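data.cif follows (mmCIF, C-alpha atoms):
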```
data_entry
loop_
_atom_site.label_atom_id
_atom_site.label_comp_id
_atom_site.auth_asym_id
_atom_site.auth_seq_id
_atom_site.Cartn_x
_atom_site.Cartn_y
_atom_site.Cartn_z
CA MET A 842 98.25 160.11 129.06
CA ARG A 843 101.58 161.78 128.39
CA SER A 844 100.44 162.69 124.89
CA LEU A 845 97.44 164.51 126.36
CA GLN A 846 99.68 166.38 128.77
CA GLU A 847 101.90 167.50 125.90
CA TRP A 848 98.84 169.24 124.46
CA ASN A 849 98.26 170.98 127.83
CA ILE A 850 95.08 169.01 128.46
CA ASP A 851 94.57 168.98 132.21
CA HIS A 852 91.01 167.70 132.61
CA ILE A 853 88.52 165.35 130.95
CA TYR A 854 84.74 165.16 131.35
CA GLY A 855 83.20 161.71 131.38
CA LEU A 856 81.44 158.77 132.93
CA PRO A 857 83.28 155.51 133.83
CA GLY A 858 82.17 152.15 132.49
CA ASP A 859 83.21 148.67 131.40
CA SER A 860 84.69 149.40 127.97
CA ILE A 861 86.96 152.17 129.27
CA ASN A 862 88.27 150.46 132.40
CA ASN A 863 91.86 150.61 131.19
CA VAL A 864 91.52 154.26 130.14
CA MET A 865 90.22 155.06 133.61
CA GLU A 866 93.16 153.23 135.17
CA GLU A 867 95.60 155.35 133.16
CA LEU A 868 93.74 158.47 134.25
CA ARG A 869 93.95 157.31 137.86
CA LYS A 870 97.72 157.01 137.54
CA ALA A 871 97.93 160.50 136.06
CA LYS A 872 95.39 162.14 138.38
CA GLU A 873 97.90 164.78 139.50
CA GLN A 874 98.30 165.95 135.91
CA ILE A 875 94.88 165.26 134.37
CA LYS A 876 91.72 165.69 136.40
CA PHE A 877 88.78 163.45 135.59
CA ILE A 878 85.51 165.34 136.06
CA GLY A 879 82.72 162.81 136.50
CA VAL A 880 79.22 163.57 135.26
CA ARG A 881 75.88 161.78 135.60
CA HIS A 882 75.18 161.51 131.88
CA GLU A 883 77.44 161.34 128.82
CA GLU A 884 75.54 164.16 127.12
CA ALA A 885 76.57 166.45 129.97
CA ALA A 886 80.21 165.47 129.38
CA SER A 887 80.09 166.37 125.68
CA LEU A 888 78.23 169.64 126.30
CA ALA A 889 80.72 170.56 129.03
CA ALA A 890 83.64 169.89 126.66
CA SER A 891 82.00 171.98 123.95
CA SER A 892 81.30 174.83 126.37
CA TYR A 893 84.87 174.77 127.67
CA ALA A 894 86.17 175.11 124.10
CA LYS A 895 83.83 178.04 123.41
CA ILE A 896 84.90 179.91 126.54
CA THR A 897 88.65 179.28 126.38
CA GLY A 898 89.44 178.55 122.73
CA LYS A 899 91.25 175.42 123.92
CA ILE A 900 90.21 171.93 122.98
CA GLY A 901 87.53 170.35 125.18
CA VAL A 902 87.83 166.65 125.93
CA CYS A 903 85.20 164.09 126.91
CA LEU A 904 85.25 160.35 127.51
CA SER A 905 82.58 157.70 127.21
CA ILE A 906 82.00 153.97 127.13
CA ALA A 907 81.04 152.20 123.92
CA GLY A 908 77.49 151.60 122.71
CA PRO A 909 74.77 153.67 124.38
CA GLY A 910 77.23 155.86 126.24
CA ALA A 911 78.89 156.99 123.02
CA VAL A 912 75.48 157.64 121.43
CA HIS A 913 74.76 160.21 124.13
CA LEU A 914 77.81 162.26 123.09
CA LEU A 915 76.25 163.33 119.79
CA ASN A 916 74.36 166.39 121.05
CA GLY A 917 77.50 167.97 122.46
CA MET A 918 79.42 167.15 119.31
CA TYR A 919 76.83 168.83 117.10
CA ASP A 920 76.92 171.77 119.47
CA ALA A 921 80.69 172.07 119.00
CA ALA A 922 80.32 171.71 115.23
CA SER A 923 77.65 174.40 115.01
CA ASP A 924 79.91 176.91 116.80
CA SER A 925 83.13 175.70 115.15
CA VAL A 926 85.13 174.90 118.27
CA PRO A 927 87.75 172.14 118.77
CA MET A 928 86.66 169.07 120.68
CA LEU A 929 88.20 165.66 121.32
CA VAL A 930 86.05 162.61 122.00
CA LEU A 931 87.68 159.50 123.45
CA ALA A 932 85.13 156.75 122.95
CA GLY A 933 85.54 153.30 124.42
CA GLN A 934 84.94 150.16 122.42
CA VAL A 935 84.83 146.43 123.05
CA SER A 936 88.17 144.62 122.95
CA THR A 937 89.73 144.08 119.54
CA GLU A 938 89.18 140.32 119.60
CA LYS A 939 85.45 140.94 120.08
CA LEU A 940 85.01 143.53 117.34
CA GLY A 941 82.55 142.46 114.67
CA ARG A 942 81.14 139.62 116.79
CA ASP A 943 78.01 141.46 117.92
CA ASP A 944 79.36 141.68 121.44
CA PHE A 945 77.48 143.37 124.28
CA GLN A 946 77.15 147.12 123.61
CA GLU A 947 79.16 146.97 120.38
CA ILE A 948 77.97 149.37 117.69
CA ASN A 949 79.67 150.81 114.63
CA LEU A 950 80.93 154.03 116.18
CA GLN A 951 82.82 155.23 113.12
CA ARG A 952 79.67 155.10 111.02
CA MET A 953 77.62 156.78 113.73
CA PHE A 954 80.07 159.66 114.24
CA ASP A 955 80.87 160.17 110.57
CA ASP A 956 78.35 162.96 109.95
CA VAL A 957 79.59 165.22 112.74
CA ALA A 958 83.32 164.42 112.96
CA VAL A 959 86.22 166.27 111.37
CA PHE A 960 88.42 163.30 112.34
CA ASN A 961 87.10 159.81 113.00
CA LYS A 962 89.40 156.84 113.56
CA THR A 963 89.49 153.59 115.53
CA VAL A 964 92.79 152.58 117.12
CA GLN A 965 93.79 149.19 115.73
CA ARG A 966 97.20 148.85 117.40
CA ALA A 967 98.65 150.33 120.56
CA ASP A 968 101.74 151.76 118.86
CA THR A 969 99.57 153.92 116.59
CA LEU A 970 97.70 155.55 119.48
CA PRO A 971 100.08 158.51 120.10
CA ASP A 972 100.15 159.42 116.41
CA LEU A 973 96.39 159.12 116.01
CA LEU A 974 95.90 161.24 119.10
CA ASN A 975 98.17 163.95 117.69
CA GLN A 976 96.38 163.84 114.36
CA ALA A 977 92.97 164.02 116.04
CA ILE A 978 93.86 167.09 118.11
CA LYS A 979 95.57 168.88 115.22
CA THR A 980 92.55 168.26 112.99
CA ALA A 981 90.14 169.46 115.68
CA TYR A 982 92.06 172.73 115.94
CA ALA A 983 92.58 173.15 112.19
CA LYS A 984 89.02 172.32 111.12
CA LYS A 985 87.37 173.59 114.31
CA GLY A 986 85.15 170.64 115.11
CA GLY A 987 84.90 167.32 116.86
CA ALA A 988 87.64 164.71 116.50
CA ILE A 989 86.75 161.18 117.55
CA LEU A 990 89.20 158.52 118.60
CA THR A 991 87.63 155.16 119.34
CA ILE A 992 89.81 153.03 121.63
CA PRO A 993 89.13 149.32 122.15
CA ASP A 994 89.49 148.43 125.82
CA ASP A 995 92.52 146.17 125.40
CA ILE A 996 94.66 148.75 123.57
CA LEU A 997 96.00 150.50 126.65
CA VAL A 998 97.27 147.28 128.25
CA GLN A 999 99.57 146.77 125.26
CA GLU A 1000 103.09 148.15 125.25
CA ILE A 1001 103.60 151.34 123.26
CA ASP A 1002 106.96 152.05 121.63
CA GLU A 1003 107.00 155.85 121.39
CA SER A 1004 110.20 155.78 119.35
CA LEU A 1005 108.02 154.78 116.38
CA MET A 1006 106.02 158.03 116.45
CA TYR A 1007 105.68 159.94 113.17
CA THR A 1008 103.92 163.05 114.50
CA SER A 1009 104.43 165.68 117.19
CA SER A 1010 102.20 167.48 119.67
CA VAL A 1011 102.59 170.84 117.93
CA PHE A 1012 100.02 172.86 116.03
CA ARG A 1013 100.47 176.26 114.43
CA GLU A 1014 97.55 178.15 112.93
CA ALA A 1015 98.23 179.24 109.37
CA GLN A 1016 98.72 182.99 108.96
CA ILE A 1017 96.69 184.47 106.12
CA VAL A 1018 98.63 187.07 104.13
CA PRO A 1019 97.76 189.82 103.46
CA ASN A 1020 96.05 190.23 106.80
CA GLY A 1021 94.08 193.47 106.53
CA GLU A 1022 94.92 197.05 105.62
CA GLU A 1023 98.20 197.21 107.54
CA ASP A 1024 99.81 194.48 105.47
CA LEU A 1025 98.73 196.18 102.25
CA LYS A 1026 100.19 199.50 103.41
CA LYS A 1027 103.47 197.76 104.22
CA ALA A 1028 103.43 196.25 100.73
CA VAL A 1029 102.97 199.72 99.21
CA THR A 1030 105.97 200.98 101.18
CA TYR A 1031 108.12 198.10 99.95
CA LEU A 1032 106.98 198.59 96.37
CA ASN A 1033 107.66 202.32 96.50
CA GLU A 1034 111.25 201.43 97.29
CA ALA A 1035 111.40 198.81 94.54
CA ASN A 1036 111.91 199.19 90.80
CA TYR A 1037 109.18 199.89 88.24
CA SER A 1038 108.75 196.30 87.08
CA SER A 1039 107.91 195.19 90.62
CA ARG A 1040 105.16 197.79 90.82
CA CYS A 1041 103.63 196.63 87.57
CA ILE A 1042 103.55 193.03 88.80
CA ALA A 1043 101.74 194.09 91.98
CA VAL A 1044 99.07 195.94 90.01
CA ILE A 1045 98.51 192.95 87.75
CA ILE A 1046 98.14 190.59 90.74
CA ASN A 1047 95.48 192.67 92.47
CA PRO A 1048 94.12 195.36 90.13
CA ARG A 1049 90.98 195.96 92.24
CA SER A 1050 92.82 197.04 95.40
CA HIS A 1051 92.33 200.80 95.92
CA ILE A 1052 95.75 200.98 97.56
CA PHE A 1053 97.52 199.41 94.60
CA MET A 1054 95.46 201.45 92.15
CA ASP A 1055 96.61 204.58 93.97
CA LEU A 1056 100.17 203.31 93.76
CA HIS A 1057 99.75 202.69 90.04
CA LYS A 1058 98.58 206.26 89.45
CA ARG A 1059 101.63 207.59 91.22
#
```

Give the structure from this file in structure tokens form.
Amino acid sequence: MRSLQEWNIDHIYGLPGDSINNVMEELRKAKEQIKFIGVRHEEAASLAASSYAKITGKIGVCLSIAGPGAVHLLNGMYDAASDSVPMLVLAGQVSTEKLGRDDFQEINLQRMFDDVAVFNKTVQRADTLPDLLNQAIKTAYAKKGGAILTIPDDILVQEIDESLMYTSSVFREAQIVPNGEEDLKKAVTYLNEANYSSRCIAVIINPRSHIFMDLHKR
């Protein structure tokens, strides 16, 4: 839960259930920092997370059990994808020792989410959870879509050594340069103060720019 707090996530939409019992217990312990907003249907949770992201620009987060609960998240995820907003889905899964054994409510969540996800991973070991969470949130912001992290129910009862982390809870949006007319005008000013060879290089780089063409004529 501390990793979520580092990303300034203070609430999660969801519906409790068997395969996320340990996630719910961690949320209970952190209830002063992260509010769990219960809904009556998982689809409402995913649509609420998507709507939150559209209104605020911040990542929306929803939580669901495995199997049929996770299936109901798809509408909200496609909604987030269609409007290019960041969203994090924490999907429960059966315990790791039961994976692949056709256990109750087990389905292949990675395959199901693959079409709509910008990030789609299943946590295999507890010590990878913080890094995967950071990667999921960064990817959701960078690619503006839904990031899915599937968490088997026994993962959160395992001890996590955070000294082994390889990532951080920091994301910076890339700045595109030049960024509009102002940047080009600044470039003209700098080039006017530079030598002749610098001006020629600028014209060769962007010969179609009316600002640089004007500079060239002068």

Could you tell me, as a PDB file with C-alpha atoms, keeping the file's coordinate frame, exactly which residues end up selected when the PyMOL selection byres ((chain A and resi 901) around 8) is applied to this structure?
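Just written: result-v7.pdb:
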```pdb
ATOM      1  CA  ILE A 853      88.520 165.350 130.950  1.00  0.00           C
ATOM      2  CA  ALA A 889      80.720 170.560 129.030  1.00  0.00           C
ATOM      3  CA  ALA A 890      83.640 169.890 126.660  1.00  0.00           C
ATOM      4  CA  SER A 891      82.000 171.980 123.950  1.00  0.00           C
ATOM      5  CA  SER A 892      81.300 174.830 126.370  1.00  0.00           C
ATOM      6  CA  TYR A 893      84.870 174.770 127.670  1.00  0.00           C
ATOM      7  CA  ALA A 894      86.170 175.110 124.100  1.00  0.00           C
ATOM      8  CA  LYS A 899      91.250 175.420 123.920  1.00  0.00           C
ATOM      9  CA  ILE A 900      90.210 171.930 122.980  1.00  0.00           C
ATOM     10  CA  VAL A 902      87.830 166.650 125.930  1.00  0.00           C
ATOM     11  CA  CYS A 903      85.200 164.090 126.910  1.00  0.00           C
ATOM     12  CA  PRO A 927      87.750 172.140 118.770  1.00  0.00           C
ATOM     13  CA  MET A 928      86.660 169.070 120.680  1.00  0.00           C
ATOM     14  CA  LEU A 929      88.200 165.660 121.320  1.00  0.00           C
TER      15      LEU A 929
END
```

Item to check | Residue among A:Lys985, A:Arg952, A:Asp972, A:Lys939 lying closest to Tyr919 (chain A), counting all atoms listed in the file | outcome: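 Under the stated criterion, the closest residue is A:Lys985.
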
Item to check | Sel. within 12 Å of pt (78.0, 164.6, 109.7), counting only C-alpha atoms, output as a PyMOL selection string | outcome: chain A and resi 915+918-919+922-923+951-961+986-988

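Atom pair CA of Ile978 (chain A) / CA of Asn862 (chain A): separated by 22.6 Å.
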
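Here the PyMOL selection byres ((chain A and resi 938) around 12) catches exactly these residues: Gln934, Val935, Ser936, Thr937, Lys939, Leu940, Gly941, Arg942, Asp943, Asp944, Gln965, Arg966, Pro993, Asp994, Asp995 and Ile996 of chain A.
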
Missing atoms in region 947-973 of chain A need filling: write out N, CA, C and O atoms for it as an mmCIF file, keeping the file's coordinate frame.
```cif
data_model
loop_
_atom_site.group_PDB
_atom_site.id
_atom_site.type_symbol
_atom_site.label_atom_id
_atom_site.label_comp_id
_atom_site.auth_asym_id
_atom_site.auth_seq_id
_atom_site.Cartn_x
_atom_site.Cartn_y
_atom_site.Cartn_z
ATOM 1 N N GLU A 947 78.361 146.587 121.554
ATOM 2 C CA GLU A 947 79.160 146.970 120.380
ATOM 3 C C GLU A 947 78.254 147.574 119.315
ATOM 4 O O GLU A 947 77.245 147.001 118.931
ATOM 5 N N ILE A 948 78.614 148.769 118.853
ATOM 6 C CA ILE A 948 77.970 149.370 117.690
ATOM 7 C C ILE A 948 79.060 149.954 116.801
ATOM 8 O O ILE A 948 80.203 150.128 117.231
ATOM 9 N N ASN A 949 78.705 150.254 115.575
ATOM 10 C CA ASN A 949 79.670 150.810 114.630
ATOM 11 C C ASN A 949 79.822 152.301 114.898
ATOM 12 O O ASN A 949 79.109 153.140 114.339
ATOM 13 N N LEU A 950 80.773 152.646 115.767
ATOM 14 C CA LEU A 950 80.930 154.030 116.180
ATOM 15 C C LEU A 950 81.438 154.923 115.049
ATOM 16 O O LEU A 950 81.034 156.087 114.941
ATOM 17 N N GLN A 951 82.312 154.410 114.215
ATOM 18 C CA GLN A 951 82.820 155.230 113.120
ATOM 19 C C GLN A 951 81.697 155.656 112.189
ATOM 20 O O GLN A 951 81.641 156.800 111.758
ATOM 21 N N ARG A 952 80.802 154.756 111.881
ATOM 22 C CA ARG A 952 79.670 155.100 111.020
ATOM 23 C C ARG A 952 78.757 156.102 111.719
ATOM 24 O O ARG A 952 78.281 157.065 111.108
ATOM 25 N N MET A 953 78.523 155.905 112.999
ATOM 26 C CA MET A 953 77.620 156.780 113.730
ATOM 27 C C MET A 953 78.165 158.206 113.820
ATOM 28 O O MET A 953 77.429 159.187 113.675
ATOM 29 N N PHE A 954 79.481 158.345 114.056
ATOM 30 C CA PHE A 954 80.070 159.660 114.240
ATOM 31 C C PHE A 954 80.420 160.369 112.931
ATOM 32 O O PHE A 954 80.790 161.547 112.939
ATOM 33 N N ASP A 955 80.329 159.663 111.825
ATOM 34 C CA ASP A 955 80.870 160.170 110.570
ATOM 35 C C ASP A 955 80.284 161.511 110.148
ATOM 36 O O ASP A 955 80.977 162.363 109.595
ATOM 37 N N ASP A 956 79.005 161.733 110.406
ATOM 38 C CA ASP A 956 78.350 162.960 109.950
ATOM 39 C C ASP A 956 78.854 164.198 110.670
ATOM 40 O O ASP A 956 78.898 165.289 110.095
ATOM 41 N N VAL A 957 79.265 164.059 111.920
ATOM 42 C CA VAL A 957 79.590 165.220 112.740
ATOM 43 C C VAL A 957 81.092 165.390 112.977
ATOM 44 O O VAL A 957 81.538 166.420 113.476
ATOM 45 N N ALA A 958 81.894 164.416 112.609
ATOM 46 C CA ALA A 958 83.320 164.420 112.960
ATOM 47 C C ALA A 958 84.179 165.055 111.871
ATOM 48 O O ALA A 958 83.942 164.863 110.681
ATOM 49 N N VAL A 959 85.203 165.798 112.301
ATOM 50 C CA VAL A 959 86.220 166.270 111.370
ATOM 51 C C VAL A 959 87.384 165.276 111.316
ATOM 52 O O VAL A 959 88.222 165.339 110.418
ATOM 53 N N PHE A 960 87.431 164.388 112.278
ATOM 54 C CA PHE A 960 88.420 163.300 112.340
ATOM 55 C C PHE A 960 87.740 162.142 113.033
ATOM 56 O O PHE A 960 87.094 162.326 114.061
ATOM 57 N N ASN A 961 87.873 160.932 112.475
ATOM 58 C CA ASN A 961 87.100 159.810 113.000
ATOM 59 C C ASN A 961 87.845 158.504 112.738
ATOM 60 O O ASN A 961 87.777 157.939 111.647
ATOM 61 N N LYS A 962 88.590 158.035 113.726
ATOM 62 C CA LYS A 962 89.400 156.840 113.560
ATOM 63 C C LYS A 962 89.229 155.888 114.748
ATOM 64 O O LYS A 962 88.940 156.310 115.863
ATOM 65 N N THR A 963 89.439 154.603 114.478
ATOM 66 C CA THR A 963 89.490 153.590 115.530
ATOM 67 C C THR A 963 90.925 153.091 115.665
ATOM 68 O O THR A 963 91.581 152.785 114.658
ATOM 69 N N VAL A 964 91.422 153.051 116.886
ATOM 70 C CA VAL A 964 92.790 152.580 117.120
ATOM 71 C C VAL A 964 92.840 151.071 116.928
ATOM 72 O O VAL A 964 92.125 150.330 117.598
ATOM 73 N N GLN A 965 93.677 150.615 116.020
ATOM 74 C CA GLN A 965 93.790 149.190 115.730
ATOM 75 C C GLN A 965 94.963 148.539 116.462
ATOM 76 O O GLN A 965 94.920 147.358 116.791
ATOM 77 N N ARG A 966 96.005 149.351 116.715
ATOM 78 C CA ARG A 966 97.200 148.850 117.400
ATOM 79 C C ARG A 966 97.681 149.882 118.389
ATOM 80 O O ARG A 966 97.576 151.097 118.155
ATOM 81 N N ALA A 967 98.230 149.415 119.494
ATOM 82 C CA ALA A 967 98.650 150.330 120.560
ATOM 83 C C ALA A 967 99.714 151.316 120.092
ATOM 84 O O ALA A 967 99.697 152.486 120.479
ATOM 85 N N ASP A 968 100.650 150.862 119.242
ATOM 86 C CA ASP A 968 101.740 151.760 118.860
ATOM 87 C C ASP A 968 101.304 152.880 117.929
ATOM 88 O O ASP A 968 102.074 153.808 117.656
ATOM 89 N N THR A 969 100.072 152.827 117.419
ATOM 90 C CA THR A 969 99.570 153.920 116.590
ATOM 91 C C THR A 969 98.801 154.955 117.406
ATOM 92 O O THR A 969 98.471 156.022 116.889
ATOM 93 N N LEU A 970 98.525 154.660 118.663
ATOM 94 C CA LEU A 970 97.700 155.550 119.480
ATOM 95 C C LEU A 970 98.282 156.959 119.622
ATOM 96 O O LEU A 970 97.550 157.943 119.419
ATOM 97 N N PRO A 971 99.570 157.143 119.968
ATOM 98 C CA PRO A 971 100.080 158.510 120.100
ATOM 99 C C PRO A 971 99.959 159.327 118.824
ATOM 100 O O PRO A 971 99.603 160.506 118.856
ATOM 101 N N ASP A 972 100.248 158.700 117.674
ATOM 102 C CA ASP A 972 100.150 159.420 116.410
ATOM 103 C C ASP A 972 98.708 159.775 116.079
ATOM 104 O O ASP A 972 98.414 160.897 115.628
ATOM 105 N N LEU A 973 97.808 158.843 116.283
ATOM 106 C CA LEU A 973 96.390 159.120 116.010
ATOM 107 C C LEU A 973 95.865 160.211 116.928
ATOM 108 O O LEU A 973 95.050 161.039 116.508
#
```
